[in-house]
Amino acid sequence: MSTLRLEIVTPERKVYEKDVNMVVARGVDGELGVLPNHIPLVTPLKVAPVKVKIGNSSETIAVHGGFMEVRKDKVVILADAAELGADIDVSRARLAKERAERRLAQKQAEINAVRAEMALQRAMARLEAVEKQ
Ligand code: ATP
């Protein structure tokens with residue numbers, strides 16, 4: 001089975017680097033399944049889990065936005081933050097989700113709704129990545 005190299009990089013570190021058979025990511029225009037020899041493209045990503053298939057197994061990485069560059073034999077994802085499913089602290093993500101939901105429910109002027117909505121999306125992507133592991 002042919003492979004492509006997937007790299008997931010944040011400003012802090014290289015989160016992931018492996019030869020994989022397929023990458024499934026949520027681009028802003030919809031879900032994208034990338035196999036080796038895919039046509040080259042660049043797309044912004046949603047805050048969502050990225051699923052990777054290697055042989056009969058799969059891995060899930062929570063990716064917090066950023067961009068995906070697809071080349072014939074390589075996919076590079078640049079994101080503000082990303083975590084492997086196994087590294088996600090579930091109780092921290094649950095607390096972050098509750099905090100964001102509480103802030104959004106308050107609807108007070110001093111609450112930054114955009115910031116709370118983004119925090120909510122990150123927490124939900126982390127929880128979804130853990131569920132899909
Ligand atoms: P919190 O409010 O819990 O800090 P956050 O969404 O504001 O969550 P970020 O600013 O996105 O956190 O991330 C800061 C750093 O902490 C990043 O390196 C990120 O990978 C890591 N991180 C955040 N939440 C978790 C989590 N639940 N499990 C593992 N790492 C996390």
# chains A, B, ... in the order shown; residues from 1 in each chain; ligands from 1
call {"tool": "residues_near_ligand", "arguments": {"ligand": "ligand 1", "cutoff": "9 Å", "atoms": "only C-alpha atoms and all ligand atoms", "output": "compact mmCIF listing (two decimals) with N, CA and C atoms, in the first residue's frame"}}
result
# COMPACT_ATOMS: atom_id res chain seq x y z
N THR A 10 3.35 22.84 14.97
CA THR A 10 2.83 24.04 15.65
C THR A 10 4.03 24.97 15.89
N GLU A 12 5.27 25.64 18.52
CA GLU A 12 6.07 25.09 19.62
C GLU A 12 6.87 23.85 19.25
N ALA A 62 -6.15 16.13 17.37
CA ALA A 62 -6.96 17.35 17.42
C ALA A 62 -6.12 18.48 16.82
N HIS A 64 -6.07 22.51 15.72
CA HIS A 64 -6.81 23.74 16.01
C HIS A 64 -6.61 24.78 14.92
N ASP A 80 -1.99 26.42 15.07
CA ASP A 80 -1.61 27.10 16.31
C ASP A 80 -1.33 26.09 17.42
N ALA A 81 -2.16 25.05 17.46
CA ALA A 81 -1.97 24.00 18.47
C ALA A 81 -2.52 22.70 17.91
N ALA A 82 -1.98 21.59 18.36
CA ALA A 82 -2.45 20.26 17.95
C ALA A 82 -2.03 19.27 19.02
N GLU A 83 -2.88 18.28 19.24
CA GLU A 83 -2.54 17.25 20.23
C GLU A 83 -2.92 15.87 19.70
N LEU A 84 -2.07 14.89 19.93
CA LEU A 84 -2.43 13.51 19.65
C LEU A 84 -3.54 13.12 20.61
N GLY A 85 -4.47 12.30 20.14
CA GLY A 85 -5.57 11.86 21.00
C GLY A 85 -5.07 11.37 22.35
N ALA A 86 -3.99 10.59 22.34
CA ALA A 86 -3.47 10.00 23.59
C ALA A 86 -2.93 11.04 24.56
N ASP A 87 -2.57 12.22 24.07
CA ASP A 87 -1.99 13.26 24.93
C ASP A 87 -3.04 14.23 25.48
N ILE A 88 -4.29 14.03 25.07
CA ILE A 88 -5.32 15.00 25.48
C ILE A 88 -5.79 14.74 26.90
N ASP A 89 -5.80 15.79 27.67
CA ASP A 89 -6.27 15.74 29.05
C ASP A 89 -7.79 15.98 29.00
N VAL A 90 -8.55 14.89 29.17
CA VAL A 90 -9.99 14.96 28.96
C VAL A 90 -10.66 15.87 29.99
N SER A 91 -10.25 15.79 31.25
CA SER A 91 -10.94 16.63 32.25
C SER A 91 -10.63 18.11 32.01
N ARG A 92 -9.41 18.41 31.57
CA ARG A 92 -9.10 19.81 31.23
C ARG A 92 -9.99 20.30 30.07
N ALA A 93 -10.17 19.44 29.05
CA ALA A 93 -11.00 19.84 27.92
C ALA A 93 -12.46 20.00 28.35
N ARG A 94 -12.94 19.11 29.24
CA ARG A 94 -14.33 19.23 29.72
C ARG A 94 -14.53 20.53 30.49
N LEU A 95 -13.53 20.87 31.34
CA LEU A 95 -13.62 22.12 32.10
C LEU A 95 -13.62 23.33 31.17
N ALA A 96 -12.74 23.28 30.15
CA ALA A 96 -12.66 24.39 29.19
C ALA A 96 -13.99 24.54 28.45
N LYS A 97 -14.62 23.40 28.12
CA LYS A 97 -15.91 23.44 27.41
C LYS A 97 -16.98 24.07 28.31
N ARG A 99 -16.55 26.08 30.86
CA ARG A 99 -16.23 27.50 31.06
C ARG A 99 -16.71 28.32 29.86
N ALA A 100 -16.41 27.83 28.65
CA ALA A 100 -16.79 28.57 27.44
C ALA A 100 -18.31 28.65 27.31
N MET A 118 -14.38 30.34 20.26
CA MET A 118 -13.17 29.66 19.79
C MET A 118 -12.68 28.65 20.83
N ALA A 119 -12.76 29.04 22.11
CA ALA A 119 -12.34 28.12 23.17
C ALA A 119 -13.26 26.90 23.19
N LEU A 120 -14.55 27.14 22.94
CA LEU A 120 -15.52 26.03 22.91
C LEU A 120 -15.18 25.07 21.76
N GLN A 121 -14.87 25.63 20.61
CA GLN A 121 -14.52 24.78 19.46
C GLN A 121 -13.28 23.95 19.74
N ARG A 122 -12.28 24.55 20.38
CA ARG A 122 -11.04 23.79 20.69
C ARG A 122 -11.36 22.64 21.65
N ALA A 123 -12.15 22.95 22.67
CA ALA A 123 -12.48 21.91 23.66
C ALA A 123 -13.27 20.79 23.00
N ARG A 126 -11.05 18.57 20.93
CA ARG A 126 -10.24 17.67 21.78
C ARG A 126 -11.08 16.48 22.23
N LEU A 127 -12.31 16.76 22.67
CA LEU A 127 -13.16 15.67 23.16
C LEU A 127 -13.52 14.72 22.01
call {"tool": "residues_around", "arguments": {"residues": "segment 67-79 of chain A", "least_positions_apart": "3", "cutoff": "8 Å", "atoms": "only C-alpha atoms", "output": "list in words"}}
result
Thr3, Leu4, Arg5, Leu6, Glu7, Ile8, Val9, Thr10, Pro11, Val34, Pro36, Asn37, His38, Ile39, Pro40, Leu41, Val42, Thr43, Pro44, Leu45, Val63, His64 and Ala82 of chain A
call {"tool": "select_by_dssp", "arguments": {"residues": "chain A", "states": "alpha helix (DSSP H)", "output": "count of residues only"}}
result
37
call {"tool": "atom_distance", "arguments": {"atom1": "atom CA of Pro49 of chain A", "atom2": "atom CA of Val24 of chain A"}}
result
8.8 Å
call {"tool": "closest_residue", "arguments": {"among": "A:Met124, A:Ala48, A:Val114, A:Leu35", "to": "Met22 of chain A", "atoms": "only C-alpha atoms"}}
result
A:Leu35
call {"tool": "atom_distance", "arguments": {"atom1": "atom CA of Ser2 of chain A", "atom2": "atom CA of Ala25 of chain A"}}
result
18.9 Å
call {"tool": "select_by_dssp", "arguments": {"residues": "segment 27-107 of chain A", "states": "strand (DSSP E or B)", "output": "PyMOL selection string"}}
result
chain A and resi 27+30-34+41-45+47-54+57-64+67-71+74-78+82-84
call {"tool": "atom_distance", "arguments": {"atom1": "atom CA of Arg115 of chain A", "atom2": "atom CA of Arg103 of chain A"}}
result
9.7 Å
call {"tool": "closest_residue", "arguments": {"among": "A:Arg102, A:Lys53, A:Lys46, A:Arg13", "to": "Glu31 of chain A", "atoms": "only C-alpha atoms"}}
result
A:Lys46
